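A.B. asks: Dropping in final-v5.txt, with compact mmCIF, C-alpha atoms.
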# COMPACT_ATOMS: atom_id res chain seq x y z
CA MET A 1 66.18 48.56 -75.32
CA ALA A 2 69.13 48.17 -77.69
CA ILE A 3 70.66 51.28 -79.14
CA GLN A 4 69.69 50.22 -82.66
CA ASP A 5 66.02 50.24 -81.68
CA GLN A 6 66.16 53.84 -80.53
CA ILE A 7 68.03 55.28 -83.51
CA ARG A 8 65.58 57.06 -85.74
CA THR A 9 67.97 59.21 -87.73
CA THR A 10 70.87 57.94 -89.80
CA ILE A 11 73.16 60.29 -91.66
CA GLY A 12 75.40 58.70 -94.27
CA ASP A 13 79.10 59.15 -94.72
CA ASP A 14 78.66 61.29 -97.82
CA VAL A 15 76.78 64.02 -95.98
CA GLU A 16 78.47 67.22 -94.82
CA ILE A 17 76.54 69.59 -92.57
CA ASN A 18 77.55 73.13 -91.64
CA GLY A 19 75.42 74.02 -88.67
CA ASN A 20 73.99 72.60 -85.49
CA ILE A 21 71.99 69.41 -85.15
CA LYS A 22 69.39 68.94 -82.49
CA CYS A 23 67.36 65.78 -82.07
CA GLU A 24 65.21 64.14 -79.45
CA ASN A 25 65.67 60.52 -80.42
CA GLY A 26 68.72 58.44 -81.26
CA ILE A 27 70.97 59.40 -84.14
CA GLN A 28 73.66 57.58 -86.04
CA PHE A 29 76.02 60.05 -87.69
CA ASN A 30 78.56 58.91 -90.26
CA GLY A 31 79.21 62.14 -92.15
CA LYS A 32 80.93 65.45 -91.43
CA LEU A 33 79.56 68.05 -89.08
CA ASN A 34 80.86 71.57 -88.61
CA GLY A 35 78.76 72.54 -85.64
CA ASP A 36 77.28 71.32 -82.41
CA LEU A 37 75.30 68.14 -81.89
CA THR A 38 72.62 68.02 -79.23
CA CYS A 39 70.80 64.74 -78.70
CA ALA A 40 68.44 63.93 -75.88
CA SER A 41 68.92 60.21 -76.46
CA GLN A 42 71.69 57.99 -77.74
CA ALA A 43 74.17 59.01 -80.41
CA GLN A 44 76.48 56.87 -82.48
CA ILE A 45 79.45 58.50 -84.15
CA GLY A 46 80.57 56.29 -87.02
CA THR A 47 84.10 55.40 -88.00
CA SER A 48 84.13 57.75 -90.97
CA CYS A 49 82.53 60.59 -89.07
CA THR A 50 84.26 63.88 -88.31
CA ILE A 51 82.71 66.41 -85.95
CA LYS A 52 84.14 69.85 -85.32
CA GLY A 53 82.03 71.13 -82.50
CA ASN A 54 80.65 70.27 -79.12
CA MET A 55 78.32 67.42 -78.30
CA SER A 56 75.66 67.27 -75.63
CA VAL A 57 74.01 63.88 -75.42
CA GLU A 58 72.49 61.33 -73.12
CA THR A 59 74.72 58.48 -74.22
CA VAL A 60 77.26 58.43 -77.01
CA SER A 61 79.42 55.82 -78.67
CA VAL A 62 82.33 57.37 -80.55
CA MET A 63 84.13 55.52 -83.29
CA GLY A 64 85.20 58.49 -85.40
CA GLN A 65 86.93 61.80 -84.92
CA VAL A 66 85.64 64.57 -82.68
CA ASN A 67 87.29 67.96 -82.22
CA GLY A 68 85.32 69.46 -79.40
CA ASN A 69 83.89 68.83 -75.98
CA ILE A 70 81.50 66.02 -75.16
CA THR A 71 79.04 66.23 -72.32
CA ALA A 72 76.94 63.17 -71.60
CA LYS A 73 74.34 62.77 -68.93
CA ASP A 74 74.94 59.06 -68.71
CA LYS A 75 77.68 57.25 -70.59
CA ILE A 76 80.46 57.85 -73.08
CA GLU A 77 82.01 54.95 -74.95
CA LEU A 78 85.23 55.54 -76.82
CA LYS A 79 85.79 52.68 -79.23
CA SER A 80 89.19 51.63 -80.51
CA THR A 81 89.01 53.82 -83.64
CA ALA A 82 87.95 56.96 -81.79
CA LYS A 83 90.03 60.11 -81.94
CA LEU A 84 89.02 62.84 -79.56
CA HIS A 85 90.53 66.26 -79.01
CA GLY A 86 88.57 68.03 -76.32
CA ASP A 87 87.15 67.64 -72.86
CA ILE A 88 84.63 65.03 -71.81
CA ARG A 89 82.27 64.96 -68.91
CA ALA A 90 79.99 62.07 -68.06
CA ARG A 91 78.75 59.83 -65.35
CA ARG A 92 80.26 56.71 -66.87
CA LEU A 93 83.12 56.19 -69.26
CA THR A 94 84.64 53.25 -71.08
CA VAL A 95 87.75 53.51 -73.20
CA GLU A 96 88.95 50.73 -75.46
CA ASP A 97 92.53 50.02 -76.37
CA GLY A 98 93.73 52.09 -79.33
CA VAL A 99 91.87 55.32 -78.61
CA THR A 100 93.54 58.65 -79.31
CA PHE A 101 92.49 61.22 -76.74
CA VAL A 102 93.84 64.57 -75.66
CA GLY A 103 91.89 66.58 -73.15
CA LYS A 104 90.41 66.74 -69.71
CA VAL A 105 88.17 64.09 -68.27
CA GLU A 106 85.66 64.34 -65.48
CA VAL A 107 83.88 61.10 -64.78
CA ASN A 108 82.25 60.13 -61.54
CA PRO A 109 79.95 57.13 -61.35
CA ALA A 110 78.96 58.02 -57.80
CA GLY A 111 77.44 61.29 -58.91
CA ALA A 112 79.40 63.65 -56.65
CA GLY A 113 82.39 65.62 -57.91
CA VAL A 114 85.71 63.83 -58.02
CA GLY A 115 87.86 66.26 -56.09
CA PRO A 116 90.12 66.24 -53.08
CA LYS A 117 88.76 64.24 -50.22
CA PRO A 118 86.82 66.54 -47.87
CA GLN A 119 87.78 66.53 -44.21
CA GLU A 120 84.87 65.65 -41.97
CA PRO A 121 85.20 67.35 -38.59
CA LYS A 122 84.21 65.14 -35.72
CA ALA A 123 81.87 66.45 -33.06
CA PRO A 124 83.11 66.27 -29.47
CA VAL A 125 82.02 63.16 -27.66
CA VAL A 126 79.96 63.87 -24.57
CA ASP A 127 79.67 61.16 -21.98
CA LEU A 128 76.22 61.43 -20.48
CA ASP A 129 77.39 59.69 -17.33
CA ASP A 130 80.23 62.09 -16.85
CA ASP A 131 79.60 65.78 -16.43
CA ARG A 132 82.99 66.64 -17.85
CA GLU A 133 83.06 67.14 -21.60
CA THR A 134 85.68 65.04 -23.31
CA PRO A 135 88.19 66.91 -25.43
CA PRO A 136 87.41 66.95 -29.12
CA ALA A 137 88.86 64.15 -31.11
CA LYS A 138 91.91 64.78 -33.20
CA GLU A 139 91.21 66.05 -36.62
CA PRO A 140 91.48 63.36 -39.25
CA ALA A 141 94.76 63.23 -41.06
CA SER A 142 94.88 65.71 -43.86
CA GLU A 143 95.66 64.68 -47.36
CA SER A 144 99.20 65.94 -47.02
CA GLN A 145 99.75 63.64 -44.07
CA LEU A 146 98.23 60.70 -45.77
CA LYS A 147 100.20 60.98 -48.93
CA SER A 148 103.33 58.98 -49.23
CA ILE A 149 106.63 60.76 -49.47
CA PHE A 150 108.39 59.66 -52.58
CA ARG A 151 111.95 60.65 -52.66
CA ARG A 152 114.64 60.25 -55.16
CA MET B 1 83.91 0.33 -49.92
CA PRO B 2 83.99 3.76 -51.44
CA ARG B 3 81.79 6.21 -49.73
CA PRO B 4 80.17 8.85 -51.90
CA ASP B 5 80.65 12.52 -51.16
CA HIS B 6 77.87 14.99 -51.18
CA ASN B 7 75.29 14.63 -53.90
CA GLY B 8 76.38 11.09 -54.64
CA MET B 9 79.85 11.96 -55.96
CA ILE B 10 82.98 10.00 -55.18
CA ASP B 11 86.50 11.31 -55.03
CA GLY B 12 89.55 10.05 -56.87
CA TYR B 13 90.99 8.16 -53.91
CA SER B 14 87.82 6.14 -53.53
CA SER B 15 87.86 5.23 -57.18
CA VAL B 16 91.47 4.05 -56.92
CA GLN B 17 90.52 1.87 -53.93
CA ALA B 18 87.69 0.36 -55.91
CA ILE B 19 90.05 -0.56 -58.75
CA ARG B 20 92.46 -2.19 -56.32
CA ARG B 21 89.67 -4.32 -54.91
CA LEU B 22 88.82 -5.45 -58.42
CA ASP B 23 92.36 -6.72 -58.79
CA GLY B 24 92.03 -8.60 -55.54
CA LYS B 25 94.78 -6.69 -53.74
CA THR B 26 92.50 -5.28 -51.10
CA PRO B 27 89.66 -7.24 -49.54
CA ARG B 28 86.29 -5.71 -49.95
CA PRO B 29 84.93 -4.38 -46.66
CA LYS B 30 81.45 -5.38 -45.73
CA PRO B 31 79.12 -2.54 -46.61
CA PRO B 32 76.90 -1.41 -43.79
CA ASP B 33 73.17 -1.65 -44.25
CA GLY B 34 71.62 1.10 -46.31
CA GLU B 35 74.99 2.33 -47.55
CA LEU B 36 75.42 3.04 -51.20
CA SER B 37 77.92 0.94 -53.05
CA ALA B 38 79.79 2.74 -55.81
CA VAL B 39 82.03 1.08 -58.33
CA ALA B 40 84.82 2.92 -60.06
CA THR B 41 83.65 3.45 -63.55
CA SER B 42 86.86 5.05 -64.73
CA ALA B 43 88.40 1.60 -65.25
CA GLY B 44 85.42 0.62 -67.32
CA VAL B 45 84.77 -2.52 -65.30
CA SER B 46 81.91 -3.14 -62.89
CA THR B 47 81.72 -6.39 -60.91
CA GLU B 48 78.35 -6.01 -59.29
CA PRO B 49 75.45 -3.75 -59.85
CA ALA B 50 75.29 -0.68 -57.68
CA VAL B 51 72.85 -0.86 -54.80
CA GLY B 52 70.57 2.10 -54.31
CA ARG B 53 70.73 5.23 -56.43
CA PRO B 54 73.51 5.51 -59.04
CA VAL B 55 76.59 7.55 -58.32
CA ASN B 56 77.71 10.30 -60.66
CA VAL B 57 81.36 11.24 -60.76
CA ALA B 58 80.89 14.94 -61.50
CA HIS B 59 84.43 16.23 -61.24
CA THR B 60 87.95 15.21 -60.40
CA ALA B 61 90.26 17.13 -58.11
CA LEU B 62 93.13 18.61 -60.07
CA PRO B 63 96.47 19.67 -58.61
CA THR B 64 97.24 23.36 -58.32
CA ARG B 65 99.10 24.91 -61.24
CA HIS B 66 101.81 27.48 -60.64
CA ASP B 67 103.11 29.76 -63.38
CA LEU B 68 106.70 30.53 -62.42
CA ILE B 69 109.44 32.71 -63.86
CA CYS B 70 113.01 31.71 -63.13
CA TYR B 71 114.89 34.59 -61.58
CA ALA B 72 118.19 33.36 -63.03
CA CYS B 73 117.30 33.09 -66.70
CA ASN B 74 113.77 34.62 -66.86
CA TYR B 75 112.42 31.39 -68.31
CA ARG B 76 108.67 31.02 -67.84
CA PHE B 77 107.37 27.55 -67.02
CA MET B 78 104.54 25.83 -65.19
CA VAL B 79 104.65 23.51 -62.21
CA THR B 80 101.75 21.50 -60.85
CA GLY B 81 101.25 20.29 -57.36
CA ARG B 82 103.06 21.32 -54.25
CA LEU B 83 106.07 23.59 -54.65
CA ASP B 84 108.75 21.72 -52.79
CA LYS B 85 111.96 21.69 -54.75
CA VAL B 86 111.73 23.40 -58.07
CA LEU B 87 114.39 23.20 -60.74
CA CYS B 88 114.35 25.54 -63.68
CA PRO B 89 114.00 23.31 -66.75
CA LYS B 90 116.24 25.60 -68.75
CA CYS B 91 119.16 26.57 -66.54
CA LYS B 92 118.70 23.84 -63.89
CA THR B 93 118.86 26.34 -61.05
CA GLN B 94 117.21 25.21 -57.86
CA LEU B 95 114.71 27.92 -57.11
CA GLU B 96 113.53 29.19 -53.79
CA THR B 97 109.73 28.98 -53.70
CA GLY B 98 108.53 30.39 -50.42
CA ASP B 99 106.80 33.70 -49.79
CA LYS B 100 108.67 36.17 -47.64
CA HIS B 101 107.29 38.74 -45.20
CA ILE B 102 109.45 41.64 -44.07
CA ASP B 103 108.67 43.48 -40.86
CA GLY B 104 110.87 45.99 -39.11
CA THR B 105 114.26 47.04 -40.39
CA TRP B 106 115.95 44.67 -42.80
CA SER B 107 118.78 44.65 -45.27
CA GLY B 108 119.89 41.76 -47.44
CA THR B 109 119.09 39.78 -50.55
CA ILE B 110 116.02 37.73 -51.32
CA GLN B 111 115.60 35.60 -54.40
CA THR B 112 112.42 33.60 -54.73
CA VAL B 113 109.79 32.60 -57.27
CA GLY B 114 107.18 33.34 -54.65
CA ARG B 115 105.97 36.67 -53.40
CA VAL B 116 107.58 39.17 -51.05
CA PHE B 117 105.54 41.36 -48.73
CA ILE B 118 107.12 44.49 -47.28
CA ASN B 119 104.59 45.18 -44.56
CA SER B 120 103.55 48.50 -43.17
CA GLY B 121 106.18 49.94 -40.88
CA ALA B 122 109.01 47.93 -42.42
CA VAL B 123 112.16 49.72 -43.52
CA VAL B 124 114.22 48.00 -46.19
CA SER B 125 117.55 49.59 -47.00
CA SER B 126 120.45 48.60 -49.24
CA ALA B 127 118.72 45.39 -50.26
CA ARG B 128 118.00 43.40 -53.37
CA ILE B 129 114.66 41.63 -53.74
CA VAL B 130 113.91 39.32 -56.64
CA ALA B 131 110.46 37.74 -56.59
CA LEU B 132 107.44 37.01 -58.70
CA ASP B 133 105.46 39.84 -57.12
CA ILE B 134 106.58 42.39 -54.56
CA ARG B 135 103.97 44.13 -52.42
CA VAL B 136 105.20 47.29 -50.76
CA ALA B 137 103.46 48.91 -47.83
CA GLY B 138 106.57 50.13 -46.06
CA MET B 139 109.69 52.08 -46.90
CA CYS B 140 112.39 51.07 -49.36
CA ARG B 141 115.65 53.01 -49.55
CA SER B 142 118.56 52.27 -51.83
CA THR B 143 116.86 48.98 -52.64
CA ARG B 144 116.71 47.14 -55.92
CA LEU B 145 113.21 45.81 -56.43
CA GLU B 146 113.13 43.27 -59.26
CA PRO B 147 109.69 41.69 -59.56
CA THR B 148 109.43 39.33 -62.49
CA ARG B 149 105.71 40.04 -62.77
CA HIS B 150 104.61 43.25 -61.08
CA LEU B 151 105.19 45.61 -58.18
CA GLU B 152 102.17 46.22 -55.96
CA LEU B 153 101.87 49.44 -54.01
CA ASP B 154 99.67 49.73 -50.98
CA SER B 155 98.89 52.68 -48.74
CA GLY B 156 101.97 53.96 -46.99
CA ALA B 157 104.39 52.68 -49.61
CA GLN B 158 107.57 54.70 -50.00
CA VAL B 159 109.81 53.77 -52.90
CA GLU B 160 112.31 55.52 -55.12
CA LEU B 161 110.35 56.51 -58.20
CA ASP B 162 113.33 56.74 -60.52
CA LYS B 163 113.87 52.98 -60.26
CA LEU B 164 110.41 51.97 -61.42
CA SER B 165 110.67 52.89 -65.08
CA LYS B 166 110.87 49.28 -66.29
CA LEU B 167 108.35 47.77 -63.92
CA LYS B 168 104.68 46.94 -64.06
CA ILE B 169 103.02 48.87 -61.26
CA VAL B 170 99.77 47.82 -59.63
CA ILE B 171 97.96 50.16 -57.25
CA LEU B 172 96.04 47.86 -54.96
CA GLU B 173 92.37 48.25 -54.25
CA SER B 174 93.01 49.22 -50.66
CA ALA B 175 95.64 51.77 -51.62
CA SER B 176 95.21 55.53 -51.57
CA LEU B 177 98.35 57.15 -52.90
CA CYS B 178 99.31 60.71 -53.72
CA LEU B 179 102.64 61.12 -55.47
CA ASP B 180 104.67 64.29 -55.43
CA GLU B 181 106.84 63.36 -58.38
CA PRO B 182 106.06 61.89 -61.80
CA LEU B 183 105.52 58.16 -61.87
CA ARG B 184 107.37 56.58 -64.77
CA CYS B 185 106.80 52.89 -65.29
CA ARG B 186 106.19 50.36 -68.01
CA THR B 187 102.53 49.66 -67.31
CA LEU B 188 100.20 51.01 -64.68
CA GLU B 189 97.13 49.26 -63.34
CA VAL B 190 94.98 51.10 -60.85
CA PHE B 191 92.55 49.27 -58.62
CA GLY B 192 92.46 51.83 -55.81
CA GLU B 193 92.99 55.58 -55.64
CA LEU B 194 95.90 57.36 -57.23
CA GLN B 195 96.67 61.02 -57.55
CA ALA B 196 99.78 61.52 -59.63
CA GLU B 197 101.40 62.58 -62.83
CA ALA B 198 101.67 59.15 -64.43
CA ARG B 199 103.73 58.43 -67.52
CA PRO B 200 103.61 54.71 -68.33
CA SER B 201 105.62 53.88 -71.40
CA GLU B 202 103.29 51.11 -72.59
CA GLN B 203 99.82 51.07 -71.13
CA ALA B 204 97.57 52.29 -68.36
CA VAL B 205 94.51 50.42 -67.13
CA LEU B 206 91.88 51.87 -64.83
CA HIS B 207 89.78 49.13 -63.31
CA PRO B 208 86.24 49.48 -61.95
CA ALA B 209 85.99 51.27 -58.63
CA SER B 210 89.36 52.92 -59.20
CA THR B 211 89.92 56.65 -58.92
CA PHE B 212 92.54 58.60 -60.80
CA ARG B 213 93.33 62.27 -60.42
CA GLY B 214 96.11 64.28 -61.99
CA THR B 215 97.74 63.81 -65.38
CA LEU B 216 98.16 60.73 -67.51
CA HIS B 217 100.44 60.45 -70.51
CA SER B 218 100.36 57.02 -72.11
CA PRO B 219 100.39 55.49 -75.57
CA ARG B 220 97.51 53.21 -74.60
CA LEU B 221 94.68 53.47 -72.12
CA ILE B 222 91.91 51.14 -71.07
CA VAL B 223 89.16 52.39 -68.80
CA TYR B 224 86.57 50.01 -67.46
CA GLU B 225 83.10 51.19 -66.57
CA GLY B 226 82.93 52.29 -62.98
CA ALA B 227 86.26 54.07 -62.84
CA ALA B 228 86.27 57.65 -61.61
CA LEU B 229 88.48 60.19 -63.33
CA LYS B 230 89.36 63.81 -62.96
CA ALA B 231 92.49 64.28 -64.96
CA TYR B 232 94.16 65.54 -68.05
CA LEU B 233 94.78 62.71 -70.47
CA HIS B 234 97.18 62.54 -73.35
CA ILE B 235 96.68 59.20 -75.04
CA SER B 236 98.40 58.84 -78.38
CA PRO B 237 99.05 55.35 -79.77
CA PRO B 238 102.24 55.03 -81.82
CA ARG B 239 101.52 55.36 -85.53
CA ALA B 240 102.91 52.85 -88.06
CA ALA B 241 105.15 54.10 -90.91
CA ALA B 242 103.15 55.71 -93.72
CA VAL B 243 103.77 52.93 -96.24
CA PRO B 244 100.96 52.29 -98.68
CA VAL B 245 99.88 48.72 -98.28
CA THR B 246 97.52 47.36 -100.89
CA VAL B 247 95.78 44.06 -100.99
CA GLY B 248 98.22 41.36 -102.02
CA ASN B 249 101.34 43.23 -100.95
CA PRO B 250 103.02 41.94 -97.83
CA PRO B 251 103.40 44.46 -95.04
CA PRO B 252 106.85 45.95 -94.62
CA GLU B 253 109.10 43.92 -92.39
CA VAL B 254 110.26 45.51 -89.23
CA GLY B 255 114.01 45.35 -89.12
CA GLU B 256 116.83 47.19 -90.73
CA PRO B 257 115.80 50.33 -92.51
CA PRO B 258 115.53 50.02 -96.28
CA VAL B 259 118.67 50.96 -98.14
CA ASP B 260 118.46 53.29 -101.05
CA ALA B 261 118.94 51.44 -104.34
CA ALA B 262 121.21 54.16 -105.66
CA ILE B 263 123.51 53.72 -102.70
CA LEU B 264 123.60 49.98 -103.32
CA GLN B 265 124.61 50.46 -106.93
CA GLU B 266 127.38 52.77 -105.95
CA CYS B 267 128.68 50.31 -103.41
CA ASP B 268 128.59 47.32 -105.75
CA ALA B 269 130.29 48.91 -108.70
CA PRO B 270 134.02 49.34 -108.37
CA PRO B 271 135.13 52.89 -108.17
CA ALA B 272 136.01 54.30 -111.54
CA VAL B 273 139.60 55.42 -111.81
CA GLU B 274 140.28 58.10 -114.24
CA LEU B 275 143.59 57.62 -116.04
CA PRO B 276 145.43 60.69 -117.21
CA PRO B 277 145.35 61.09 -121.00
CA VAL B 278 148.50 59.99 -122.75
CA ASP B 279 149.84 62.29 -125.38
CA LEU B 280 151.51 60.05 -127.93
CA ALA B 281 153.23 63.00 -129.56
CA THR B 282 155.15 64.07 -126.46
CA SER B 283 155.77 60.71 -124.81
CA GLU B 284 159.31 59.54 -124.99
CA GLY B 285 160.27 56.08 -126.11
CA PRO B 286 162.43 53.65 -124.23
Please express the file's structure as structure tokens.

C.D. replies:
Amino acid sequence: MAIQDQIRTTIGDDVEINGNIKCENGIQFNGKLNGDLTCASQAQIGTSCTIKGNMSVETVSVMGQVNGNITAKDKIELKSTAKLHGDIRARRLTVEDGVTFVGKVEVNPAGAGVGPKPQEPKAPVVDLDDDRETPPAKEPASESQLKSIFRR
Amino acid sequence: MPRPDHNGMIDGYSSVQAIRRLDGKTPRPKPPDGELSAVATSAGVSTEPAVGRPVNVAHTALPTRHDLICYACNYRFMVTGRLDKVLCPKCKTQLETGDKHIDGTWSGTIQTVGRVFINSGAVVSSARIVALDIRVAGMCRSTRLEPTRHLELDSGAQVELDKLSKLKIVILESASLCLDEPLRCRTLEVFGELQAEARPSEQAVLHPASTFRGTLHSPRLIVYEGAALKAYLHISPPRAAAVPVTVGNPPPEVGEPPVDAAILQECDAPPAVELPPVDLATSEGP
């Protein structure tokens, strides 16, 4: 279903709210918010919108200015007019050309954390035909061995 | 007679043969029984009606197009067909066109409008490589890499980072790189995995299925859906000069900075010379 069909609340650009907003359905916010925004559905942050606070949403499309952290369960879209100062965390992320963004990003479409590659230890191979137990295989190359040495 | 390809299509060569037979230069071969007879319709002339189902010429084979950049004058031009002997249309330099593969230890100079592959295990030292694209999977020491398009890094690549500041870097899909020192380049495109402190001067692009870890400082960033990120980003596009532009006013021209009008007036007017006052009472006559 298109995002416009799920938006039930629209706040105009002449509205200024001091406090937190919590909604279950989609919201299109074009005003000013000094507080947190929690939306269990999709949120649209308009071009003229300014939010000073954190956001916790399902999906969000940012075209305005946000000074705070954004946590999305699904997707974050930063459009070309977006200005974001804070950390973002989501499963999916798209960033258009022209975005201003300062902060940390943690995005992993696969679902697991994006960290250093874990080393999987290999179990020793036992040949059923041979009573002797084969020596354990060499440990896989660590990250330091895999990384390329870049020298000046 | 022209024989149709699959699905009743004929190729260009068959159509040319049909036209030649119309002119009487080539005798018409006797069609076997049950064979379709196609007549070249590109000439707009048909001598006998087609037997069997009609033939549709769906597409025509086109020669391959090559976008080349001359390594002598950096002129960009296009060549179609096979790259045999290519002359730059601007500087008339005969350009080398072949791709080069480097294995083992090598030192020298390569200039080509093709691609150069420094394979895994290769060691290139004190060399100069000029090519359209350069793919590095080996080691390069004291080497000038001058790709006219971009430099591709694969797993195992070892290059001198301080010489990449003006290049377009592409991290290949099969690459998994971890850099110890900051990566300064012009543009950065990541298709594979990269862990680094990246500082492209123009733009960074993270393609789907790419993974970036570390720090990224760039004036522009494009992230496609599917990219994985765990990094600190500092993306700040350059701002234009704060000049009020209203509707109807042309935007300020980018060029020499505007000169203050007061300074102009002072420069145009001749300098005023103050003459000492003459006291007629004390001045002596001739």

A.B. asks: Which one of B:Ile10, B:Ala137, B:Leu172, B:Ala227 sits closest to Thr60 (chain B) if you count all atoms listed in the file?

C.D. replies: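 Checking each candidate against Thr60 (chain B), we get B:Ile10 as the closest.
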
A.B. asks: Taking a cut-off of 7 Å and counting only C-alpha atoms, can you build a table that, for each residue of chain B near chain A, reports the nearest atom pair and how far apart they are in Å (one decimal), sorted by chain then residue number, as JSON lines?

C.D. replies:
{"residue": "B:Gly156", "atom": "CA", "partner": "A:Ser148", "partner_atom": "CA", "distance": 5.7}
{"residue": "B:Ala157", "atom": "CA", "partner": "A:Ser148", "partner_atom": "CA", "distance": 6.4}
{"residue": "B:Gln158", "atom": "CA", "partner": "A:Phe150", "partner_atom": "CA", "distance": 5.7}
{"residue": "B:Val159", "atom": "CA", "partner": "A:Phe150", "partner_atom": "CA", "distance": 6.1}
{"residue": "B:Glu160", "atom": "CA", "partner": "A:Arg152", "partner_atom": "CA", "distance": 5.3}
{"residue": "B:Leu161", "atom": "CA", "partner": "A:Arg152", "partner_atom": "CA", "distance": 6.5}
{"residue": "B:Asp162", "atom": "CA", "partner": "A:Arg152", "partner_atom": "CA", "distance": 6.5}
{"residue": "B:Leu177", "atom": "CA", "partner": "A:Lys147", "partner_atom": "CA", "distance": 5.8}
{"residue": "B:Cys178", "atom": "CA", "partner": "A:Lys147", "partner_atom": "CA", "distance": 4.9}
{"residue": "B:Leu179", "atom": "CA", "partner": "A:Phe150", "partner_atom": "CA", "distance": 6.6}
{"residue": "B:Asp180", "atom": "CA", "partner": "A:Phe150", "partner_atom": "CA", "distance": 6.6}
{"residue": "B:Arg220", "atom": "CA", "partner": "A:Gly98", "partner_atom": "CA", "distance": 6.2}
{"residue": "B:Leu221", "atom": "CA", "partner": "A:Asp97", "partner_atom": "CA", "distance": 5.9}
{"residue": "B:Ile222", "atom": "CA", "partner": "A:Val95", "partner_atom": "CA", "distance": 5.2}
{"residue": "B:Val223", "atom": "CA", "partner": "A:Val95", "partner_atom": "CA", "distance": 4.8}
{"residue": "B:Tyr224", "atom": "CA", "partner": "A:Thr94", "partner_atom": "CA", "distance": 5.2}
{"residue": "B:Glu225", "atom": "CA", "partner": "A:Thr94", "partner_atom": "CA", "distance": 5.2}
{"residue": "B:Gly226", "atom": "CA", "partner": "A:Pro109", "partner_atom": "CA", "distance": 5.9}
{"residue": "B:Ala228", "atom": "CA", "partner": "A:Asn108", "partner_atom": "CA", "distance": 4.7}
{"residue": "B:Leu229", "atom": "CA", "partner": "A:Val107", "partner_atom": "CA", "distance": 4.9}
{"residue": "B:Lys230", "atom": "CA", "partner": "A:Glu106", "partner_atom": "CA", "distance": 4.5}
{"residue": "B:Ala231", "atom": "CA", "partner": "A:Val105", "partner_atom": "CA", "distance": 5.4}
{"residue": "B:Tyr232", "atom": "CA", "partner": "A:Lys104", "partner_atom": "CA", "distance": 4.3}
{"residue": "B:Leu233", "atom": "CA", "partner": "A:Gly103", "partner_atom": "CA", "distance": 5.5}
{"residue": "B:His234", "atom": "CA", "partner": "A:Val102", "partner_atom": "CA", "distance": 4.5}
{"residue": "B:Ile235", "atom": "CA", "partner": "A:Phe101", "partner_atom": "CA", "distance": 5.0}
{"residue": "B:Ser236", "atom": "CA", "partner": "A:Thr100", "partner_atom": "CA", "distance": 5.0}
{"residue": "B:Pro237", "atom": "CA", "partner": "A:Gly98", "partner_atom": "CA", "distance": 6.3}

A.B. asks: What is the CA of Pro89 (chain B) to CA of Arg115 (chain B) distance in Å?

C.D. replies: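 Computed distance, CA of Pro89 (chain B) to CA of Arg115 (chain B), equals 20.5 Å.
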
A.B. asks: Give the answer as one residue: which of A:Gly53, A:Gly86, A:Gly46, A:Gly31 has the shortest atom-to-atom distance to Glu16 (chain A), using only C-alpha atoms?

C.D. replies: A:Gly31

A.B. asks: Could you check how far CA of Val205 (chain B) sits from CA of Ile70 (chain A), in Å to one decimal?

C.D. replies: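 CA of Ile70 (chain A) lies 21.8 Å from CA of Val205 (chain B).
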
A.B. asks: Which value, in Å to one decimal, gives the distance between CA of Pro200 (chain B) and CA of Val123 (chain B)?

C.D. replies: 26.7 Å

A.B. asks: Do you know which residues are at most 8 Å from region 80-83 of chain B counting all atoms listed in the file, after dropping those on the same chain fewer than 5 positions away, and could you put them as a PyMOL selection string?

C.D. replies: chain B and resi 63-66+97

A.B. asks: Pick out the residues sitting within 8 Å of Ser142 (chain B), and hand them over as a CSV table (one decimal) with C-alpha atoms, keeping the file's coordinate frame; count only C-alpha atoms, and ignore anything fewer than 4 positions along from it in its own chain.

C.D. replies:
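This is the output file selection_16.csv:
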chain,number,residue,atom,x,y,z
B,125,SER,CA,117.6,49.6,-47.0
B,126,SER,CA,120.4,48.6,-49.2
B,127,ALA,CA,118.7,45.4,-50.3
B,160,GLU,CA,112.3,55.5,-55.1

A.B. asks: How big is the axis-aligned box around the listed atoms of region 110-121 of chain B once 6 Å is added on each side, and where is its centre? Give both in Å to one decimal, as AutoDock Vina command-line options.

C.D. replies:
--center_x 109.8 --center_y 41.3 --center_z -49.1 --size_x 24.5 --size_y 29.3 --size_z 28.4

A.B. asks: Which is closer to His59 (chain B) than all the others in B:Val124, B:Val190, B:Val86, B:Met9, using all atoms listed in the file?

C.D. replies: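 Going through B:Val124, B:Val190, B:Val86, B:Met9 one by one, the smallest distance to His59 (chain B) is for B:Met9.
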